[in-house]
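Asker: Just target_14.txt, nothing more (compact mmCIF, C-alpha atoms and all ligand atoms):
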```
# COMPACT_ATOMS: atom_id res chain seq x y z
CA MET S 1 125.64 58.79 -159.13
CA TYR S 2 128.32 56.19 -158.51
CA GLY S 3 131.17 56.38 -156.02
CA THR S 4 134.00 56.34 -158.57
CA ASP S 5 134.64 57.17 -162.21
CA ARG S 6 137.31 54.47 -162.43
CA LEU S 7 135.41 52.37 -164.96
CA TYR S 8 137.01 49.60 -167.00
CA SER S 9 135.21 47.97 -169.93
CA ALA S 10 136.17 44.39 -170.69
CA ASN S 11 135.80 42.79 -174.11
CA SER S 12 136.86 39.24 -173.38
CA LEU S 13 137.17 36.62 -170.67
CA GLN S 14 140.94 37.15 -170.62
CA GLN S 15 140.51 40.87 -170.05
CA VAL S 16 138.11 40.15 -167.19
CA ARG S 17 140.57 37.74 -165.58
CA ASP S 18 143.52 40.12 -165.93
CA TYR S 19 141.53 43.01 -164.50
CA VAL S 20 140.21 41.03 -161.55
CA LYS S 21 143.71 39.80 -160.71
CA ARG S 22 145.11 43.32 -160.93
CA GLU S 23 142.59 45.17 -158.74
CA SER S 24 142.05 44.62 -155.03
CA ASN S 25 138.43 45.84 -154.92
CA LEU S 26 135.84 46.20 -157.67
CA LYS S 27 132.17 45.96 -158.51
CA VAL S 28 130.66 44.68 -161.75
CA LEU S 29 128.04 46.85 -163.37
CA GLY S 30 125.09 45.62 -165.39
CA THR S 31 122.85 48.28 -166.87
CA ARG S 32 122.74 50.29 -163.59
CA HIS S 33 118.99 49.91 -163.06
CA CYS S 34 119.09 49.11 -159.35
CA PHE S 35 117.56 51.75 -157.13
CA ASN S 36 120.01 51.24 -154.26
CA ASN S 37 123.83 51.11 -154.06
CA ILE S 38 124.21 47.35 -154.59
CA ALA S 39 126.19 47.93 -157.81
CA ASP S 40 128.26 50.85 -156.53
CA SER S 41 131.93 51.05 -155.64
CA THR S 42 134.27 53.70 -154.31
CA HIS S 43 137.21 51.79 -155.83
CA ASN S 44 136.64 50.37 -159.33
CA LEU S 45 133.76 49.54 -161.63
CA LEU S 46 133.92 46.87 -164.30
CA SER S 47 131.50 46.87 -167.24
CA LEU S 48 130.78 43.87 -169.44
CA LYS S 49 128.45 45.85 -171.69
CA ALA S 50 130.57 45.08 -174.76
CA MET S 51 130.27 41.33 -174.06
CA ASP S 52 126.70 41.08 -175.32
CA GLU S 53 126.56 38.27 -177.82
CA VAL S 54 124.45 35.13 -178.07
CA VAL S 55 127.05 32.39 -177.75
CA ASP S 56 124.96 29.31 -178.47
CA LEU S 57 121.36 28.35 -179.17
CA ASP S 58 120.94 24.69 -178.27
CA THR S 59 117.52 23.78 -179.64
CA ARG S 60 117.72 20.18 -178.42
CA ALA S 61 118.51 21.07 -174.82
CA ALA S 62 116.21 24.14 -175.11
CA THR S 63 118.81 26.56 -173.76
CA VAL S 64 120.44 29.72 -174.99
CA THR S 65 123.91 30.71 -173.79
CA VAL S 66 124.68 34.42 -173.68
CA SER S 67 127.53 36.68 -172.64
CA ALA S 68 126.76 38.49 -169.41
CA GLY S 69 126.36 42.01 -170.81
CA ILE S 70 123.44 41.22 -173.12
CA THR S 71 120.09 42.83 -172.26
CA TYR S 72 116.66 41.21 -172.47
CA GLY S 73 115.85 43.82 -175.11
CA GLN S 74 118.64 42.46 -177.30
CA LEU S 75 118.06 38.79 -176.57
CA SER S 76 114.26 38.57 -176.85
CA PRO S 77 113.76 39.53 -180.54
CA TYR S 78 116.64 37.21 -181.46
CA LEU S 79 115.01 34.29 -179.66
CA HIS S 80 111.63 35.02 -181.21
CA SER S 81 113.18 35.14 -184.69
CA LYS S 82 114.54 31.64 -184.06
CA GLY S 83 111.17 30.37 -182.80
CA PHE S 84 111.87 30.57 -179.05
CA ALA S 85 110.83 32.47 -175.96
CA LEU S 86 111.79 33.05 -172.33
CA HIS S 87 109.20 32.20 -169.68
CA ASN S 88 109.00 35.73 -168.26
CA LEU S 89 110.32 39.28 -168.39
CA ALA S 90 110.47 42.27 -166.02
CA SER S 91 108.47 45.44 -166.53
CA LEU S 92 111.16 46.83 -168.82
CA PRO S 93 113.47 45.18 -171.35
CA HIS S 94 116.60 47.33 -170.97
CA ILE S 95 118.20 45.43 -168.08
CA SER S 96 121.18 43.08 -168.46
CA VAL S 97 120.58 39.37 -168.02
CA ALA S 98 123.44 39.03 -165.53
CA GLY S 99 122.43 42.07 -163.46
CA ALA S 100 118.76 41.09 -163.41
CA CYS S 101 119.41 37.49 -162.36
CA SER S 102 121.94 38.62 -159.73
CA THR S 103 119.20 40.48 -157.81
CA ALA S 104 116.28 38.03 -158.40
CA THR S 105 114.46 40.41 -160.73
CA HIS S 106 110.91 39.22 -161.31
CA GLY S 107 108.02 39.61 -163.68
CA SER S 108 104.57 38.37 -162.75
CA GLY S 109 102.51 35.21 -163.11
CA GLU S 110 101.40 32.67 -160.55
CA LYS S 111 103.25 29.85 -162.24
CA ASN S 112 106.21 31.92 -163.43
CA GLY S 113 109.38 31.97 -161.39
CA ASN S 114 111.56 35.07 -161.31
CA LEU S 115 114.04 35.66 -164.14
CA ALA S 116 116.87 33.84 -162.31
CA THR S 117 114.86 30.60 -162.31
CA ALA S 118 115.56 30.32 -166.05
CA VAL S 119 119.33 30.11 -165.46
CA SER S 120 120.58 26.57 -166.08
CA ALA S 121 124.33 27.29 -165.99
CA LEU S 122 126.68 30.15 -165.27
CA GLU S 123 130.35 30.88 -165.76
CA PHE S 124 132.26 33.36 -163.62
CA VAL S 125 135.67 34.62 -162.64
CA THR S 126 136.56 34.37 -158.94
CA ALA S 127 138.49 36.94 -156.89
CA VAL S 128 141.83 35.28 -157.70
CA GLY S 129 141.00 35.18 -161.41
CA ASP S 130 140.02 31.51 -161.58
CA PHE S 131 137.32 30.46 -164.03
CA VAL S 132 134.35 28.51 -162.61
CA LYS S 133 131.41 26.90 -164.37
CA LEU S 134 128.34 25.75 -162.42
CA SER S 135 125.23 24.07 -163.75
CA ARG S 136 121.82 23.22 -162.34
CA GLN S 137 122.29 19.62 -163.40
CA GLN S 138 125.71 19.02 -161.89
CA ASP S 139 126.21 21.40 -159.01
CA GLY S 140 123.06 21.11 -156.89
CA ASP S 141 123.10 23.39 -153.90
CA THR S 142 126.20 25.37 -154.91
CA PHE S 143 124.44 26.32 -158.12
CA GLN S 144 121.21 27.27 -156.30
CA GLY S 145 123.27 29.48 -154.01
CA ALA S 146 125.33 31.18 -156.71
CA VAL S 147 122.68 32.21 -159.25
CA ILE S 148 121.31 35.15 -157.24
CA GLY S 149 124.81 36.22 -156.33
CA LEU S 150 124.33 39.98 -155.65
CA GLY S 151 127.64 40.48 -157.45
CA ALA S 152 129.41 38.88 -154.46
CA ILE S 153 130.31 35.49 -155.95
CA GLY S 154 132.42 36.66 -158.88
CA VAL S 155 132.25 38.28 -162.30
CA ILE S 156 129.68 36.37 -164.34
CA THR S 157 130.82 36.14 -167.95
CA LYS S 158 128.20 33.78 -169.41
CA LEU S 159 124.78 32.38 -168.53
CA ALA S 160 122.68 29.63 -170.06
CA LEU S 161 118.90 30.17 -169.90
CA ASP S 162 115.98 27.79 -170.38
CA ILE S 163 113.91 28.57 -173.44
CA GLN S 164 110.61 27.30 -174.84
CA PRO S 165 108.81 27.54 -178.19
CA THR S 166 107.82 31.13 -178.92
CA PHE S 167 104.25 32.19 -178.12
CA MET S 168 101.84 35.01 -178.75
CA MET S 169 99.97 36.94 -176.08
CA ARG S 170 97.06 39.31 -175.66
CA GLN S 171 96.91 42.00 -173.01
CA TYR S 172 93.71 43.38 -171.49
CA VAL S 173 93.33 46.13 -168.93
CA TYR S 174 90.41 46.50 -166.51
CA GLU S 175 89.72 49.65 -164.50
CA ASN S 176 88.55 50.17 -160.91
CA LEU S 177 88.73 46.81 -159.22
CA PRO S 178 87.08 47.18 -155.77
CA LEU S 179 89.47 46.40 -152.91
CA ASN S 180 86.99 44.06 -151.24
CA GLU S 181 86.96 41.94 -154.41
CA VAL S 182 90.76 41.75 -154.18
CA LYS S 183 90.49 40.66 -150.55
CA GLU S 184 87.82 38.05 -151.27
CA HIS S 185 89.15 36.69 -154.55
CA PHE S 186 92.88 37.41 -154.66
CA ASP S 187 93.89 33.89 -155.72
CA ALA S 188 91.25 33.73 -158.45
CA ILE S 189 92.29 37.16 -159.75
CA ALA S 190 96.03 36.41 -159.65
CA SER S 191 95.60 33.06 -161.40
CA SER S 192 93.16 34.28 -164.06
CA ALA S 193 95.86 34.43 -166.76
CA TYR S 194 99.55 33.77 -167.49
CA SER S 195 100.59 37.07 -165.89
CA VAL S 196 98.47 39.43 -163.79
CA SER S 197 99.46 42.79 -162.25
CA LEU S 198 97.42 45.21 -160.14
CA PHE S 199 98.14 48.92 -159.98
CA THR S 200 96.92 51.36 -157.35
CA ASP S 201 97.58 54.93 -156.24
CA TRP S 202 96.36 53.91 -152.73
CA GLN S 203 93.90 56.82 -152.79
CA LYS S 204 90.59 54.94 -152.72
CA GLN S 205 89.30 51.50 -151.83
CA ARG S 206 90.17 50.12 -155.26
CA MET S 207 92.90 49.00 -157.63
CA ASN S 208 93.01 51.56 -160.43
CA GLU S 209 93.97 48.97 -163.04
CA VAL S 210 94.35 45.24 -163.56
CA TRP S 211 96.69 44.17 -166.36
CA ILE S 212 95.98 40.71 -167.67
CA LYS S 213 98.47 39.06 -170.00
CA SER S 214 97.21 35.89 -171.58
CA ARG S 215 98.87 33.36 -173.86
CA VAL S 216 97.00 33.10 -177.12
CA GLU S 217 97.44 29.40 -177.70
CA GLY S 218 97.44 26.50 -175.25
CA GLY S 219 97.72 26.74 -171.46
CA HIS S 220 95.48 29.00 -169.49
CA SER S 221 93.58 31.32 -171.83
CA PHE S 222 91.61 34.33 -170.70
CA ASP S 223 88.07 35.12 -171.78
CA ALA S 224 87.89 38.93 -171.78
CA GLY S 225 84.34 39.90 -170.81
CA PRO S 226 83.19 43.49 -170.20
CA ALA S 227 83.57 43.08 -166.42
CA PHE S 228 86.14 41.36 -164.18
CA PHE S 229 85.33 41.04 -160.45
CA GLY S 230 83.53 44.39 -160.64
CA ALA S 231 86.23 46.12 -162.75
CA LYS S 232 85.39 47.40 -166.24
CA LEU S 233 87.22 46.50 -169.44
CA ALA S 234 89.21 49.52 -170.70
CA THR S 235 88.33 50.80 -174.13
CA ARG S 236 91.73 52.37 -174.88
CA ASN S 237 95.37 51.70 -174.10
CA LEU S 238 96.27 52.87 -170.60
CA HIS S 239 99.36 53.78 -168.63
CA PRO S 240 99.37 52.24 -165.13
CA ILE S 241 99.03 55.82 -163.90
CA ALA S 242 95.91 56.54 -165.94
CA GLU S 243 96.52 60.24 -166.38
CA LEU S 244 99.88 59.60 -168.09
CA SER S 245 100.13 58.87 -171.80
CA ALA S 246 100.10 55.18 -172.74
CA GLU S 247 102.53 55.89 -175.57
CA ASN S 248 105.38 54.04 -173.88
CA CYS S 249 103.27 51.11 -172.73
CA THR S 250 103.02 47.76 -174.44
CA GLU S 251 100.00 47.17 -176.70
CA GLN S 252 96.70 46.33 -174.95
CA MET S 253 93.03 45.88 -176.02
CA GLY S 254 93.60 42.20 -176.81
CA VAL S 255 95.80 42.88 -179.83
CA PRO S 256 97.92 39.74 -180.24
CA GLY S 257 101.70 40.13 -180.22
CA PRO S 258 104.86 38.18 -179.40
CA TRP S 259 105.64 37.42 -175.75
CA PHE S 260 108.43 40.00 -175.49
CA GLU S 261 106.11 42.80 -176.61
CA ARG S 262 103.39 41.93 -174.08
CA LEU S 263 105.12 40.58 -170.93
CA PRO S 264 106.82 43.91 -170.07
CA HIS S 265 104.42 46.72 -169.16
CA PHE S 266 106.64 49.30 -170.74
CA ARG S 267 108.57 49.93 -173.79
CA MET S 268 110.32 52.34 -171.39
CA GLY S 269 109.65 53.45 -167.83
CA PHE S 270 108.72 52.23 -164.38
CA THR S 271 105.59 51.99 -162.25
CA PRO S 272 104.14 50.53 -159.05
CA SER S 273 102.43 47.18 -159.27
CA ALA S 274 101.61 43.97 -157.48
CA GLY S 275 101.77 40.48 -158.93
CA LYS S 276 102.34 36.85 -158.03
CA ASP S 277 105.43 34.71 -158.62
CA ALA S 278 106.01 30.95 -158.35
CA ALA S 279 108.25 29.39 -155.67
CA ASP S 280 111.84 28.33 -156.44
CA ASN S 281 114.97 26.89 -154.82
CA LEU S 282 117.40 29.76 -155.32
CA TRP S 283 118.89 30.68 -151.95
CA LEU S 284 118.53 34.45 -152.11
CA SER S 285 115.27 34.53 -154.01
CA PRO S 286 112.34 36.22 -152.25
CA CYS S 287 110.40 33.19 -153.53
CA TYR S 288 112.74 30.62 -151.94
CA LYS S 289 110.53 27.56 -151.35
CA GLN S 290 107.36 29.67 -151.25
CA PRO S 291 105.24 31.46 -153.83
CA CYS S 292 105.20 35.22 -153.29
CA VAL S 293 103.02 38.21 -153.87
CA THR S 294 105.29 41.00 -155.03
CA ILE S 295 104.40 44.55 -154.12
CA HIS S 296 106.43 47.46 -155.36
CA PHE S 297 106.21 51.20 -155.13
CA THR S 298 107.15 54.09 -157.36
CA TRP S 299 108.65 56.88 -155.29
CA LYS S 300 108.95 60.55 -155.95
CA PRO S 301 112.64 61.53 -155.82
CA ASP S 302 112.36 62.78 -152.24
CA TRP S 303 114.61 60.59 -150.10
CA PRO S 304 113.91 62.37 -146.77
CA ALA S 305 110.18 61.63 -147.17
CA VAL S 306 110.67 58.13 -148.59
CA SER S 307 113.07 57.18 -145.80
CA LYS S 308 110.40 58.09 -143.24
CA LEU S 309 107.69 56.10 -144.99
CA LEU S 310 109.70 52.93 -145.65
CA PRO S 311 109.79 51.78 -142.00
CA VAL S 312 106.03 52.38 -141.72
CA ILE S 313 105.34 50.13 -144.72
CA GLU S 314 107.87 47.53 -143.61
CA LYS S 315 106.28 47.38 -140.16
CA GLU S 316 102.87 46.64 -141.72
CA LEU S 317 104.39 43.90 -143.88
CA ALA S 318 106.53 42.37 -141.13
CA PRO S 319 103.88 39.82 -140.01
CA PHE S 320 104.08 38.34 -143.51
CA ASN S 321 107.88 37.96 -143.37
CA ALA S 322 108.10 40.24 -146.40
CA ARG S 323 111.48 39.98 -148.10
CA PRO S 324 112.90 43.12 -149.70
CA HIS S 325 113.95 43.16 -153.35
CA TRP S 326 117.78 43.22 -153.49
CA GLY S 327 117.79 45.96 -156.12
CA LYS S 328 115.32 48.34 -154.50
CA LEU S 329 115.04 50.63 -151.49
CA PHE S 330 114.58 49.01 -148.11
CA ASN S 331 115.20 49.71 -144.47
CA THR S 332 115.17 46.14 -143.14
CA SER S 333 117.94 45.57 -140.59
CA PRO S 334 120.75 43.08 -141.36
CA ALA S 335 119.52 40.94 -138.44
CA ALA S 336 115.99 40.85 -139.88
CA LEU S 337 117.39 40.00 -143.32
CA ARG S 338 119.15 37.01 -141.78
CA SER S 339 115.93 35.75 -140.28
CA ILE S 340 113.80 36.15 -143.41
CA TYR S 341 116.42 34.94 -145.89
CA GLU S 342 117.15 31.65 -144.18
CA LYS S 343 119.97 30.68 -146.56
CA LEU S 344 121.96 33.87 -145.94
CA PRO S 345 124.57 32.15 -143.71
CA ASP S 346 125.14 29.53 -146.42
CA PHE S 347 125.42 32.27 -149.02
CA ILE S 348 128.07 34.04 -146.93
CA GLN S 349 130.04 30.80 -146.78
CA LEU S 350 129.69 30.19 -150.50
CA SER S 351 130.69 33.66 -151.58
CA THR S 352 133.64 33.65 -149.18
CA LYS S 353 134.85 30.47 -150.88
CA TYR S 354 135.09 32.34 -154.20
CA ASP S 355 136.09 35.71 -152.72
CA THR S 356 138.07 35.11 -149.53
CA HIS S 357 139.19 38.70 -148.94
CA GLY S 358 136.04 40.53 -150.02
CA LYS S 359 137.30 41.89 -153.35
CA PHE S 360 133.75 42.07 -154.72
CA ARG S 361 132.19 43.57 -151.60
CA ASN S 362 130.97 47.15 -151.29
CA GLU S 363 129.12 49.23 -148.75
CA PHE S 364 125.77 47.57 -149.54
CA LEU S 365 127.13 44.04 -149.16
CA ASN S 366 129.19 44.85 -146.07
CA LYS S 367 126.18 46.39 -144.35
CA ASN S 368 123.42 44.01 -145.37
CA ILE S 369 125.10 40.66 -145.96
CA PHE S 370 128.52 40.41 -144.37
CA GLY S 371 127.82 42.47 -141.26
CA SER S 372 130.99 44.55 -141.25
C1 LIG K 401 112.53 51.44 -164.61
C2 LIG K 401 112.83 50.22 -163.81
C3 LIG K 401 111.94 49.14 -163.85
C4 LIG K 401 112.20 47.99 -163.09
N1 LIG K 401 111.32 46.95 -163.16
C5 LIG K 401 111.54 45.84 -162.41
C6 LIG K 401 110.65 44.74 -162.44
O1 LIG K 401 109.68 44.72 -163.19
N2 LIG K 401 110.90 43.68 -161.65
C7 LIG K 401 111.98 43.66 -160.81
O2 LIG K 401 112.15 42.67 -160.09
N3 LIG K 401 112.88 44.66 -160.78
C8 LIG K 401 112.68 45.76 -161.55
N4 LIG K 401 113.58 46.78 -161.51
C9 LIG K 401 114.81 46.61 -160.71
C10 LIG K 401 116.01 46.18 -161.59
O3 LIG K 401 115.62 45.78 -162.85
C11 LIG K 401 116.82 45.03 -161.02
O4 LIG K 401 117.11 45.23 -159.71
C12 LIG K 401 118.07 44.60 -161.86
O5 LIG K 401 119.00 43.97 -161.02
C13 LIG K 401 118.81 45.65 -162.63
O6 LIG K 401 119.72 45.01 -163.52
P1 LIG K 401 121.02 45.74 -164.06
O7 LIG K 401 121.57 44.98 -165.19
O8 LIG K 401 120.73 47.18 -164.30
O9 LIG K 401 122.00 45.55 -162.82
P2 LIG K 401 122.88 46.61 -162.00
O10 LIG K 401 121.99 47.52 -161.23
O11 LIG K 401 123.88 47.24 -162.88
O12 LIG K 401 123.58 45.56 -161.01
C14 LIG K 401 122.83 44.78 -160.12
C15 LIG K 401 123.69 43.79 -159.38
O13 LIG K 401 124.14 42.78 -160.29
C16 LIG K 401 125.55 42.68 -160.24
N5 LIG K 401 126.03 42.32 -161.56
C17 LIG K 401 125.73 42.90 -162.74
N6 LIG K 401 126.38 42.29 -163.74
C18 LIG K 401 127.11 41.30 -163.18
C19 LIG K 401 128.02 40.33 -163.68
N7 LIG K 401 128.33 40.24 -164.96
N8 LIG K 401 128.60 39.49 -162.79
C20 LIG K 401 128.32 39.57 -161.48
N9 LIG K 401 127.48 40.46 -160.95
C21 LIG K 401 126.89 41.32 -161.79
C22 LIG K 401 126.01 44.05 -159.77
O14 LIG K 401 127.31 43.99 -159.20
C23 LIG K 401 124.95 44.38 -158.75
O15 LIG K 401 125.21 43.73 -157.53
C24 LIG K 401 113.36 47.92 -162.28
C25 LIG K 401 114.26 49.00 -162.26
C26 LIG K 401 114.00 50.13 -163.02
C27 LIG K 401 114.99 51.28 -162.99
```
Rewrite the structure from the file as structure tokens, please.
Answerer:
Amino acid sequence: MYGTDRLYSANSLQQVRDYVKRESNLKVLGTRHCFNNIADSTHNLLSLKAMDEVVDLDTRAATVTVSAGITYGQLSPYLHSKGFALHNLASLPHISVAGACSTATHGSGEKNGNLATAVSALEFVTAVGDFVKLSRQQDGDTFQGAVIGLGAIGVITKLALDIQPTFMMRQYVYENLPLNEVKEHFDAIASSAYSVSLFTDWQKQRMNEVWIKSRVEGGHSFDAGPAFFGAKLATRNLHPIAELSAENCTEQMGVPGPWFERLPHFRMGFTPSAGKDAADNLWLSPCYKQPCVTIHFTWKPDWPAVSKLLPVIEKELAPFNARPHWGKLFNTSPAALRSIYEKLPDFIQLSTKYDTHGKFRNEFLNKNIFGS
């Protein structure tokens, strides 16, 4: 449910500029996959869904430039057909590139940064309708601050992403990893393959499943034995919640397939998992200058119960300076956010430069970022 049905769909840069100049408050929508109200507005919503084309594939620079509305599900098969790949994907392919990068959406993999770390340039329209282009190469800190922009910097119309030669992967699942093995050998487990995720229902002293995604050629390859730190190799495809059908999950059992059909867990859907991500320099990234373990939870749609449990979990994680995901549910106070996201004051300054009067702000941003 969004706060307004005043939705405008833009088809071109000019339409975006005209609309932004005309309206005094608006929020850009991606594919609406955030769990909180970061993308909501009570005034106006702008969709760039129709602007979903691949603009340029620069094989020499190893970048692809796309319009902001494109989803990873649209982009990935195209890249593979041209012999290229992205370094990582989230658990599902349906999300827009601009929306995902704006909230630091991540996949897994000890050496893999979140999806925003692939952005090498971005183009956006500021609150007064000006057109700005920033690149990693030329704009240093300003660029690092703008990439994870929470929709507060401007309306992103294009992004350039780093690409690499396409690759094949195999996925293996192990069941019942004892918790004490996780405690003793977490680094070895998390670094055992290109991408590793652990799933638990928190009911017993074990991880129900370990999903291991390994590149077939080159790099770190995984030797799938019958046991893995006490867990047993699964003999059929599994859903992360074992009692659910694996029909919507990506292929397992070591069957080789292209990167975009193995890196996401799901063809469709969502699930709790934990993984590891590499450090980066993006100001509002949870992995800013430090590698992170990412832990997420699947909630039943019962907000009164969830809202009681969130502070309990956050209290347990506080000693680790846990940083909430910008697109998910959290209870962290604005003051605590400022202390754990050390570049927040710089981000406020940067976004105010492009949006002096708060045209792109909404309830979420006013509460959590701008303190009003
Ligand atoms: C089933 C499911 C699975 C998920 N799996 C993962 C996962 O594996 N890893 C993970 O990290 N997260 C995951 N998420 C969270 C989610 O993918 C991200 O938070 C992501 O931001 C959603 O992208 P979106 O395109 O739907 O953006 P939206 O929710 O539509 O918007 C997100 C933000 O981006 C801004 N924005 C969008 N487009 C633009 C633009 N063109 N210019 C400027 N700002 C823009 C919006 O204003 C808003 O602030 C999952 C969510 C769901 C529902």
Asker: As number ranges by chain, please: every protein or nucleic acid residue near ligand LIG 401 (chain K) (cut-off 8 Å, counting all atoms listed in the file).
Answerer: S: 27-35, 38-40, 47-48, 68-69, 71, 89-92, 94-107, 114, 124, 149-158, 264, 268-271, 325-328
Asker: Counting all atoms listed in the file, which residues of segment 188-214 of chain S fall within 6 Å of segment 274-283 of chain S, and what is the closest atom pair for each with its distance in Å at one decimal, ordered by chain and rising number, as JSON lines?
Answerer:
```
{"residue": "S:Val196", "atom": "CA", "partner": "S:Gly275", "partner_atom": "CA", "distance": 6.0}
{"residue": "S:Ser197", "atom": "CA", "partner": "S:Gly275", "partner_atom": "CA", "distance": 4.7}
{"residue": "S:Leu198", "atom": "CA", "partner": "S:Ala274", "partner_atom": "CA", "distance": 5.1}
```
Asker: Taking into account all atoms listed in the file, which residue in the set S:Phe364, S:Tyr174, S:Tyr194, S:Phe131 is nearest to Asn112 of chain S?
Answerer: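 Of the candidates, the smallest distance to Asn112 of chain S is held by S:Tyr194.
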Asker: Return the single residue from S:Asp346, S:Leu329, S:Arg17, S:Lys49 that is closest to Trp303 of chain S, with distances computed using only C-alpha atoms.
Answerer: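 Answer, going by the shortest atom-to-atom distance: S:Leu329.
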Asker: Which is closer to Gly257 of chain S than all the others in S:Met168, S:Ile241, S:Ala336, S:Ala188, using only C-alpha atoms?
Answerer: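 With only C-alpha atoms as the atom set, the closest residue is S:Met168.
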Asker: Please provide as a PDB file with C-alpha atoms, keeping the file's coordinate frame all residues within 8 Å of Gly129 of chain S, with the sequence filter that same-chain residues fewer than 4 positions apart are discarded (counting all atoms listed in the file).
Answerer:
```
ATOM      1  CA  ARG S  17     140.570  37.740-165.580  1.00  0.00           C
ATOM      2  CA  ASP S  18     143.520  40.120-165.930  1.00  0.00           C
ATOM      3  CA  VAL S  20     140.210  41.030-161.550  1.00  0.00           C
ATOM      4  CA  LYS S  21     143.710  39.800-160.710  1.00  0.00           C
ATOM      5  CA  VAL S 125     135.670  34.620-162.640  1.00  0.00           C
TER       6      VAL S 125
END
```
Asker: Between atom CA of Gly73 of chain S and atom CA of Pro165 of chain S, what is the distance in Å, rounded to a tenth?
Answerer: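 Distance reported for this atom pair: 18.0 Å.
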Asker: Tell me, as number ranges by chain, which residues lie within 6 Å of Val66 of chain S, counting all atoms listed in the file; anything in the same chain fewer than 2 positions away does not count.
Answerer: S: 53-55, 158-159
